[in-house]
Structures are given as structure tokens and as C-alpha cells.
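**Q** After the C-alpha cells below, expect a handful of questions from me.
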Amino acid sequence: MTALVVPPHLTARQHLASDPKSSIWVSANAGSGKTHVLTQRVMRLLLMGVPPSKILCLTFTKAAAAEMSARVFRELSKWTALDDGPLREKIIETGAPAPDAKDLVLARRLFTRTVETPGGLKIQTIHAFCERLLHLFPFEANVPAHFEVADDKRTEEMLSLARYAAIADAQRRGGPQAEALATLAEAAGSLGLDPVLGVAMRLRKAAKRVEPDPQHKLAAALGAGNLVSVDDVHRVMIEGIATARWREIAAYLATGSRSDVARAAELEELFAALRNEAKGADLVPRLLAIFFTQKGDRRGSLMTRALATKRPDILADLEDEQTRLLALREQLKVAEAIDRTQALVTIVDAIIDRYDAAKGAAGLLDFDDLIDRTRGLLERSDAGWVLHKLDAGIDHVLVDEAQDTSEAQWRILEKLTDDFAAGAGARQTSRSFFVVGDEKQSIFSFQGAAPLMFDGMRSRFERRFKQGGEPFARVALNASFRSTPGILAAVDEMFEPAPHRDGLVAAADDWTPHESLKPTLPSLVEIWPPIGATATTDPEDWKIPLDLEAEDDPVSKLADRVARKIKALTAPASGEHVHDARTGLRREISAGDILVLVRTRNAFFEAVIRALKAHGVPVAGADRLDVANHIAVMDLVAAGRAALLPDDDLSLACALKSPLFGFTDDDLLALAPNRKGPLVAALAASGDPRHKAAHEAMTRWAARAAGASPFAFYVELLGRDGGRLKMEARLGPEAHDAIDEFLRLALEHEATGAPSLTSFLADVEALDSSIKRDMEGQGGTVRVMTVHAAKGLEAKIVFLPDTCAVPTARLDPPVFDLAAEGAPPLIAWSPRSGDDPAPIAEARKRQREASMREYRRLLYVAMTRAEERLYLAAFYNIHKPPEDCWSAMAETVFGEAETVAAFWDEAEVVRRIHRPGAPATGAAPRAQHEQGRFPTPPPWLGQPVAPPASPKPPQRATRVAAAPSPERRRALAYGEALHLLLQALPAHPPGEREAAAHALLAAQPGLAPEPERAGLIAEALAVMALPELAPLFGPGARAEVPVLGRTTRADGSEVEVSGKVDRLVVTPDAVLIADFKSGPAHAVVPPDYRRQMQLYHSVLAPLWPERPLRLLLVWTSVPRVVDLTAEPPAAS
């Protein structure tokens, strides 16, 4: 076991941060062990005798609360059984003073005391705390006494119904709401309203909590002056041109050149419209078109030079009018913005009223309500009584992930700690406030996070505590337990330029350089050149699919490169390695060591998952699943519809092609090539055993669908009928989560009304929701996810391939808050930037700058997920990458780094920052065999080798036979099926292997006829049960390991060897390789088999010079193991 050496200065900081006698504000870099410090502080509070009920620890997520709670209870449970000496050491490790005998007795009782405390130790999210508080004081908070909390799905359903009801009511009743709806629809156009309504509702609710209607201040905020309405501005615009002077100007322009005549005609059309009493909304666009371009710029030439020379007074009049209209046009933008915003607020108020009424009728509160009502409760004049009644008061508050705390949540924290800084005489009991966070990692602004408040609140609390004479300290934790020095140096260098650092820290000099607690470990950072698209023409062949990806599509090319690189890193005997977290020794890279991070779930997200699967790399799939559109759910829906209506040919065909039956397109064509009746009739009439089995299953399901509930129907189909095993065998691990969610929906459907398979399937197909998968538990597979979802995770190797895209303004809802700091929100809506008055244009600019600041914080979070290796790549369309994108930032910083040939093309180069790591001081270098499983690759491995003049073909480990007979083909198929079972079954628990084997063979029916399957499975399980083969089917063993190398003949010539080892495992004592033979067992091993194993030995033995290589030939039919280790290496 290798423990990190924590330097004394860091230990001192940790002990200061965990000292409950002071209030502490911790700024913690990524990977610096903040959860450890939080846990230590809770332990020290308990050691001081603080009752568990007096401690409140607030975390950002339920997962973080569960992890921290588990850590505390795990440590306390260990203390119950420790002797005095070890327990004393454990207590001192927390930073607490050396304990006496009484302290040791107390420490052993803490676990029981904490567990038995009513309500337990309160480590929870702030929403959970608010829910509990409101349940305790429902009348004071004006909430239903037994309210429930609406989850996200229920909230969205109620909001959708409220939106629909408000819009329908406005259309039906007419009046101001109907006019507002018309204005809303016209202004929004094709941009859509859903995001706009969401932001506007949040701001409006926050504003009305402070005062009834702050929107009356909008006109002043926009500088409206006396002209507030659109009609007023139109009137003033038109009045300026409706004079006899302008008729004279039009007549003069008509005598000029073609452009002058055209302008005169425009004026005449305007005068004609005036005579017809046209509305200002029709006249003003015509008027503005005379003086301004379509883009809104002033026209440079209002009349030709020849006319202007003769009548400079007319040119002066035209220019004066242009200037007058320019100012009025700005006033028009203000008036239109007021009208648009008022229309939006009118509809939003109607939606909020209906939404609140629906929640009240159902006795529900949403998550925003929990925060708002708790804030209102704590801001009451008698809030002190409420806090006192809450477990007789809270004396110690701890806040995790403070950078993601919203403004409203900060106000709750202020109220909870109002008395904490009242001074020593105000209360005898010691009280403390602890905050830990990192403003550099604030990436959840869409959830209300306010990173700018992190620094402001730190100063505010510090001032309060010091004015009250209470101890308060700032502590910085900058040492990483996660990343190697090279990774952290790259992070520091990336954010060294001031523009790159903007948004990460409050002031440029606040940056704390990172320190690694793994100084001896090497690191690698690679920057790949961006892949750009080339201009292409549409293909002429109309038969080509519209969504066919081009061969030079940058998304596909980069996805393939990433997949190929990962496959090479994880290949057996690749020579690549990482360091084991437990032992510190080098080991092979596995798929579970790799994390691929993207900004959004875009086309590349899907492409890289497809590419990894195509290259045979284990991948966990998507971190979020669109339930209704997941292939497993679509197959289950098809099976259900076919069971309800057997004549539904499309549903039946989809079900037959699903993993439930495993038919191919050719199978369906062969089933009924010229049929005239329904597909189910052809299935019933067929004599093929597979068709009969499918028809029997469908008949059974149809009978079950007639009477069973949706949940019961699918539990049978997926369980007893083996559907789940078949689907997961074909579709991979993410199918497991999709099926679980599908079954949960079936159970939920039964609870909401009369259960019906028909209505359930309709609900599923109409579903618009996704589920978040737990990617931390996806061991042994590559994880592909967004940076937001990866917050809190880590990996040995991280790929960042999506580094060219930047946040686009079109994705930000164009709803702005024009209120001054500290004032209630003041909504302004402007769908298009060209329509922005100056104050809104400034607000839009601030919104864009805030998005870019969070974009750079997202890069910091992404880079600091890596432990040992970091790969940055990029793709872009025909437009060059933006100058402020991640890729451009990396080029600015690392543009002079060392270049090496790219693995995909030696003509291209990648930039590489490789840091070998410092030697460990005070210890002798480890022997090569102690450093890991594989030796360091020799220098020649990276050098290109010239091909021989007459290259010889590889020497196969097995001879190529002539074309096989039918009996031989059956034997080969049997062997292939057996090898597949021996490859796949070790991943399943022993008790589930037989069922998994049946599902696996059923999913690939062409591999083994059904009568042979039972014997096949029994043979495979018997082989796996052999004690001498146990290591080969245990953790760390690999299947189908490619072998490629050279060996020397007896005459001194070299020959290349290629083949595959059926099973290989590296143990501390030896390297075991096994080759399975499914034919009849021989009393004497045939020479070809001996030669095959000898060739494997000659290639593999040099890779593990410190371990003996054991060669095992396994006759599966007996089963029997023959150890060929004593055979000499092949020499001919």
C-alpha cells in the first residue's frame, strides 16, 4: 500500500480548516481534499461534545451528502473497536488535541450517539433542509401542512398544463391577454418561447417576492423620456415629413438621376399612404428605408452630387431629417421593448397564477418554492423563535460547494448565522460557520449559481464575525491529491495569461498555483491539431441517404482517431501504463481509466460512442438516456404493440429484429418473400424451428397482454422469458438503465389510474424526458460524458476533443435583468440584437461575457479531472475556430511545445508536454519488476523501421486448413460458440452464468442450433470450474489477446508470428496463457499444438522477464489441462 506523503504545511492548513473553535472560509483547488477537511471538522465537533442535532452540513447534491455521511459513520464505526493507542493516533490525525482517557471513552461512544440522535446527523442538501424546516413550521411559512415536493418531471408537466391553459384562455376571452399573446407571437417569430418563458418566470417570481410590480421602472431604466408608447413615436416620426417642404424635395429629386428618381418615388408612395390615413406601423418602415440601409446603418448618399451642388439646402434638410430619425429610431426601440416586455409579463403572470393554483390544489411545492418559502420564513420578525425551536437551535453550519450557491440560498445562510457573529456575550455556547468552495469550478449558472457572490460573501461574513469579536480565518488548499505535477503545471500555464484567467478568480493576483502530492509520477499532455471541414457540393446521386456522413466529416474523423488511440492505449502488452492508486506501481491501462469529456451532447458525443463500439473498446454509453428513443425501449414498445395487435406487421417485424428474437433482414425476407397475408400468418405457417419458437412466444405474449397490467406483462417478458439478458447481451450496459427506467414508468403508470398496456405504450412514445446514469459505477468501460456531469469525478486519462465550439448567443434566452445591484429583478425582453436599445445591448454584452467566463471555468474543471494524461483535440466546420475557444487558448500557451509525429499520419504533428516526474527522495529506485507489469519500451520502439526488400509473410501460430467439409464446418461453429462463451461468461457472477449463456446463444441463433446449446453451456461451465484455471477466469484476466512479434529460427533467420491467446492473466508469481481445444482430447498432444504454444512462448516471454510463463492447453470436452511449460521454445 502506497500512501501519499502530506507535507507539514498542508497538514497545518487542514488542521486549521477543521478547527471548530474558529469560523473558516476555505478556497480549495480541484482535487485538494475538501471533503476530507469537511469530514474532519464534523469529527472534531463531535469530539468536543457538540450534540449531533446542533450540526448542520449543507451539500450541493444528494450524492455528495451521502458520500460525506458515509465517511463520517465509517470512521466513527471503526473507532468503536480500536485500542487506546490506535484510537489516540486517529483522533490526533483529525487535528484535535491529544485525548485523555475521558476523550477516548467519548470517541468510542460517538457512533452510537450519532446514530441514536433523533433526526440523525444532518448532512443534507439545502433543499432537503428547507423541506424539513417547512414541514416543522407550515403555518408560519404559509405552506400546506402535509405538502409534498414535486420532482422535475411533475413540475414540467404542471408548467406545460399551466402554459397551455393560459394561452388557450387568452385566445378564448380576448382583451389585454389576447393582445399580449399576439404581440408575443409576432415578436418571437420562429425563435420559440419555452426558454424565454422559463427565465422570465424565474425573474418575475423573484421580483414579486420583494414588491408587487417593479416593472413600472422599466421605462426609466431604458431612458424612455416622454415618448413611452410605440404610437407616440410613430406619430412624431410621421409629423416631421408631412409638410409641404417635403413635397418640394420630392419634386426636385424627381429631376435627377435614376437613384434620385427612385428616392422621389419612395417619398411619393409615402405621401399617398398618408393621404389614405395609413397606420404608423405601415408608414414608419417605409420612411426609415429612405434614410437607412437594411442593416440599420445611415445611408451615405441621400442625393447625387449634381443635385446637391445646385441645392445644398435640400441636402441639408435630408441630412437633418436623417439625424432626427436616428434619435427617434432609438426611442422606437425603447417603446417596442417596453411593449414586448409588458406582453411577456402579462402572459407570464397568467401562467404563474395557474401553476401556483395547480400546486396548491395538489398540496405540492417545487424546488424554487422550498428556497423562497424558507427565505420568507427566516426573514420574519419572529424568525429567532423558529431557529430556536429547530432542534433547540443550530450552533454549527458547514457549507460545501459554496461556489454553486445562489443568491437566495446565501440569504438563507445569512439568516441561519445571524447570531453567530453577535459576540461572545450573546450566548455561552461556541458557534461556528464553515464554508468551502472554489469559484474556479462554478459551472452551474443555469441553476442559479452566483460565482461572483463567492468572494463578496466571504468579505461580508468576515466583516460580520470580526466586528462581533469572533475568530474568522481564510484558508487556501492548493495541493492536489489527484493530479500529477505535469497536469497541474499545464493547468497553471493554460490560465497564466490574464484574458484566460478572467472569470476564474475575483482578481488576477488571487490565483493560487497548484501543488501536487504525487511529485514522482510522470505525466503527458498532448495537443492534437484541429480537424476542419472542407467546402463540399451536394452529391448528385439521389439514392444516397440524406444523413450519410461525408468521408472527410471532421466529427467522424476525430471520433475515429480518439477511438483508435484509446484502443491502442488499452491493448494488451501495449507498453503504455498508468499508476495504481492503491499500490503506486505501474500497471496496464484499462478502459475504465479513460474519460472522454465534451461540452454538450452534440454530434461528436454520439459519434465517439459509435466509434469506440466499432473498434471493440468497452464503453459505458451515454451518460443521459433519452428513454423513449432508446433502442431497447423502442424494441419493447414494438413487442408490446405486436402482442396487442398481431396483424401489425411493422411492430411484429421490429420485434423479430430486436434482440428478443435476433432475426436479420435476410431472415425476414426468407420468412415470407411473396406473402399476401399478414406477417404473423407467415410466421405461423413456417416449419422453421426458429419461426415456430418466435410464433409461440408471440402467441404467449398476446394472451398475456389481454389481461396483465403493463408492469406484469414486461416483468414476465424480461424476466422469465429471458428478454433482459438477450437485450443486455446485444445492446450493452446502458440497456440495463433504459430497461429499469421503462419498468419504473410501467409501475408509475399503474399508480396513476386504470392500468392499460395500450395507454402505457402511448405515454411512453409521447415521453420527452431523459435519465441520468451513474457513470462513477461503470467500472471497466470508457466513460463519455459532459464536463458538467463529470464534476466531482476523475480519471487516469482524460480526452477533451470538443475544444473549438464556444457558447453562442442564440442559445441564451434573450431575457435580461436591468435592475441595479440589490434591487428586485427588472425584466426586459429583446429577441433580436438589432432591436436592442442601448441599455439592453449593454445587458446582452454582459450576458455574453458571463457566458465566456463560465466557459473558461468549464475548461478548468475539465482539465483538472485528469490524473496522469490529458489529450486535447478539436474539430470545426468550414469557418475557422473562434479566437477565444479552448483550442485557441491552448495554441496560445503551448504553441512552442515539442512536436512529434502524429500516430494517424507521420506527415502531421502533435504538440506534447511530457514530464517524466522527479525521482523519489530517500528511497532507492524500484526494480523494473516492481514498477509494473511491463518494462519501459526500448528507444527503438518509437523509430520507424524500413521494410525488408522481400518481406516474408507472418508465421501463423496455427496452420491454414483446406476448405472445410460440412462436418468440419459444424465443428468449427461449435468451437466458435464455445470460445464465445468462455470469453463472455467470466464477466457474470457464477450464479448467473448459465442464464447469461442461454441469452447469449439465443441472441446469436446462427452460432449454435438449439439442441446443441445445453451441451455447449455445460462444457463451458465445466471448464470454468477447473481449480487450476481459476486465475484465468478471475479479475484482471483477458480474453482473445492478440500476439504479434518475431522469433528466431534454428538457422538464425527471423520470422514474424501472429495469433491470438484464448486467455491470459498476469499474477504476482507467473504469467498464465491458455489455449482451448474443443475437438476430441488426444492422449499425446499433436506436434502442431505444441508448436503453436512454443511460438506464443517465444514472443511473450521477453515481455515478463521476471515472471515464469506457464503454457496451458485445455481439452474442453473432457475437460483436462495439459501443462506445456516444460517444452523448449520453438526454434524452427
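How things are named: the first chain in the C-alpha cells is A, the next is B, and so on; residues count from 1 in each chain; ligands count from 1 in the order shown.
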Give me the residues within 10 Å of Asp19 in chain A as an NGL selection string, counting only C-alpha atoms and dropping any in the same chain fewer than 5 places off.

**A** :A and (13-14 or 24 or 37 or 40-42 or 44-45 or 94-96 or 432 or 434)

**Q** Those selected residues, please, written with C-alpha atoms and delivered as an mmCIF file, in the first residue's frame.

**A**
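Written output follows (part.cif):
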data_model
loop_
_atom_site.group_PDB
_atom_site.id
_atom_site.type_symbol
_atom_site.label_atom_id
_atom_site.label_comp_id
_atom_site.auth_asym_id
_atom_site.auth_seq_id
_atom_site.Cartn_x
_atom_site.Cartn_y
_atom_site.Cartn_z
ATOM 1 C CA ARG A 13 -3.692 24.136 6.903
ATOM 2 C CA GLN A 14 -6.032 21.158 7.073
ATOM 3 C CA ILE A 24 -13.340 29.268 8.453
ATOM 4 C CA VAL A 37 -11.476 18.507 5.611
ATOM 5 C CA GLN A 40 -12.534 16.047 9.861
ATOM 6 C CA ARG A 41 -14.311 19.182 11.054
ATOM 7 C CA VAL A 42 -17.515 17.237 11.768
ATOM 8 C CA ARG A 44 -13.790 17.329 15.784
ATOM 9 C CA LEU A 45 -17.141 18.953 16.556
ATOM 10 C CA THR A 94 -8.068 14.913 12.755
ATOM 11 C CA GLY A 95 -6.125 17.843 14.212
ATOM 12 C CA ALA A 96 -7.714 17.529 17.638
ATOM 13 C CA SER A 432 -19.068 28.422 14.101
ATOM 14 C CA PHE A 434 -17.549 26.825 7.834
#

**Q** Pick out each residue of range 540-614 of chain A that DSSP on the backbone tags as strand (DSSP E); I need them as a list in words.

**A**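 The strand (DSSP E) subset of range 540-614 of chain A is His577, Val578, His579, Arg586, Arg587, Glu588, Ile594, Leu595, Val596, Leu597 and Val598 of chain A.
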
**Q** Output the selection as a compact mmCIF listing (two decimals), in the first residue's frame - C-alpha atoms for each residue.

**A**
# COMPACT_ATOMS: atom_id res chain seq x y z
CA HIS A 577 0.84 2.28 -18.38
CA VAL A 578 -0.63 4.29 -15.53
CA HIS A 579 -0.03 4.03 -11.79
CA ARG A 586 2.76 0.79 -12.82
CA ARG A 587 0.03 -1.26 -14.44
CA GLU A 588 -1.66 -1.74 -17.77
CA ILE A 594 -10.33 6.76 -19.52
CA LEU A 595 -12.81 9.63 -19.52
CA VAL A 596 -13.91 11.45 -22.70
CA LEU A 597 -15.40 14.87 -21.93
CA VAL A 598 -17.48 17.08 -24.21

**Q** List the neighbours of Leu307 in chain A out to 9 Å using only C-alpha atoms; skip same-chain residues closer than 5 positions along the sequence, and give me the result as a list in words.

**A**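 Close residues of Leu307 in chain A: Tyr252, Leu253, Thr255, Gly256, Ser257, Asp260, Pro312, Ile314 and Leu315 of chain A.
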
**Q** Suppose you want the space between CA of Ala262 in chain A and CA of Ile249 in chain A; what is it in Å?

**A**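 Rounded to one decimal, the two atoms are 12.9 Å apart.
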
**Q** For Pro881 in chain A, which residue among A:Thr112, A:Thr758, A:Thr803, A:Thr341 is the nearest when counting only C-alpha atoms?

**A**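 Looking at the shortest contact to Pro881 in chain A, the residue is A:Thr803.
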
**Q** Looking at only C-alpha atoms, which of A:Lys1060, A:Glu515, A:Ala166, A:Ser1117 is the one that sits closest to Pro1080 in chain A?

**A**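 Smallest distance to Pro1080 in chain A is found for A:Ser1117.
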
**Q** In Å, how far is it from CA of Arg482 in chain A to CA of Glu867 in chain A?

**A**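 CA of Glu867 in chain A lies at a distance of 5.6 Å from CA of Arg482 in chain A.
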
**Q** Thr699 in chain A: which residues within 10 Å, counting only C-alpha atoms, same-chain residues fewer than 5 positions away excluded, as a PyMOL selection string?

**A** chain A and resi 642-643+646+680+684+693-694+704-705

**Q** Please return as a ChimeraX atom specification: the residues of range 441-605 of chain A that backbone DSSP assigns to alpha helix (DSSP H).

**A** /A:452-467,485-494,498-501,554-570,603-605

**Q** With only C-alpha atoms as the basis for distance, which of A:Asp339, A:Glu248, A:Glu606, A:Asp817 is at the shortest distance from Ala559 in chain A?

**A** A:Glu606

**Q** Fewer than 6 positions away in the same chain doesn't count, so skip those; otherwise give me all residues within 12 Å of Lys78 in chain A, counting only C-alpha atoms, as a short mmCIF file (atom, residue, chain, number, x, y, z; two decimals) with C-alpha atoms, in the first residue's frame.

**A**
data_model
loop_
_atom_site.label_atom_id
_atom_site.label_comp_id
_atom_site.auth_asym_id
_atom_site.auth_seq_id
_atom_site.Cartn_x
_atom_site.Cartn_y
_atom_site.Cartn_z
CA ARG A 71 -17.31 8.78 5.54
CA VAL A 72 -18.25 10.09 8.97
CA PRO A 86 -4.53 3.42 17.64
CA LEU A 87 -7.60 5.44 18.65
CA LYS A 90 -6.74 8.55 14.81
CA ILE A 91 -8.01 11.43 16.93
CA ALA A 107 -14.84 8.78 20.96
CA ARG A 108 -15.94 5.15 21.19
CA ARG A 109 -19.49 6.23 22.02
CA LEU A 110 -19.81 8.76 19.19
CA PHE A 111 -21.06 6.24 16.65
CA THR A 112 -23.95 5.11 18.86
#

**Q** Name the residues in contact with Arg1038 in chain A at a cut-off of 8 Å, using only C-alpha atoms, excluding same-chain residues fewer than 2 positions from it; report them as JSON, numbers by chain.

**A** {"A": [1032, 1036, 1040, 1041, 1063, 1064, 1065]}

**Q** Can you spit out the residues from that selection as a compact mmCIF listing (two decimals), in the first residue's frame, using N, CA and C atoms?

**A**
# COMPACT_ATOMS: atom_id res chain seq x y z
N LEU A 1032 -7.40 -17.64 -14.56
CA LEU A 1032 -7.67 -17.22 -15.94
C LEU A 1032 -9.09 -16.71 -16.14
N GLY A 1036 -8.80 -9.26 -13.76
CA GLY A 1036 -7.55 -8.94 -14.42
C GLY A 1036 -7.22 -9.83 -15.60
N GLU A 1040 -8.96 -13.46 -25.68
CA GLU A 1040 -8.65 -13.19 -27.09
C GLU A 1040 -7.57 -12.12 -27.23
N VAL A 1041 -6.42 -12.38 -26.65
CA VAL A 1041 -5.32 -11.41 -26.64
C VAL A 1041 -4.50 -11.57 -27.92
N ARG A 1063 -6.92 -17.07 -23.41
CA ARG A 1063 -6.99 -16.41 -22.11
C ARG A 1063 -5.57 -16.11 -21.63
N LEU A 1064 -5.39 -14.96 -20.98
CA LEU A 1064 -4.09 -14.57 -20.44
C LEU A 1064 -4.32 -13.82 -19.13
N VAL A 1065 -3.50 -14.11 -18.14
CA VAL A 1065 -3.57 -13.37 -16.89
C VAL A 1065 -2.16 -13.23 -16.33

**Q** Could you name the residues that touch range 663-675 of chain A at 8 Å or less, counting only C-alpha atoms, but leaving out those on the same chain fewer than 6 positions away, as a list in words?

**A**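 My list of contacting residues is Ala653, Leu656, Lys657, Ala682, Leu683 and Ser686 of chain A.
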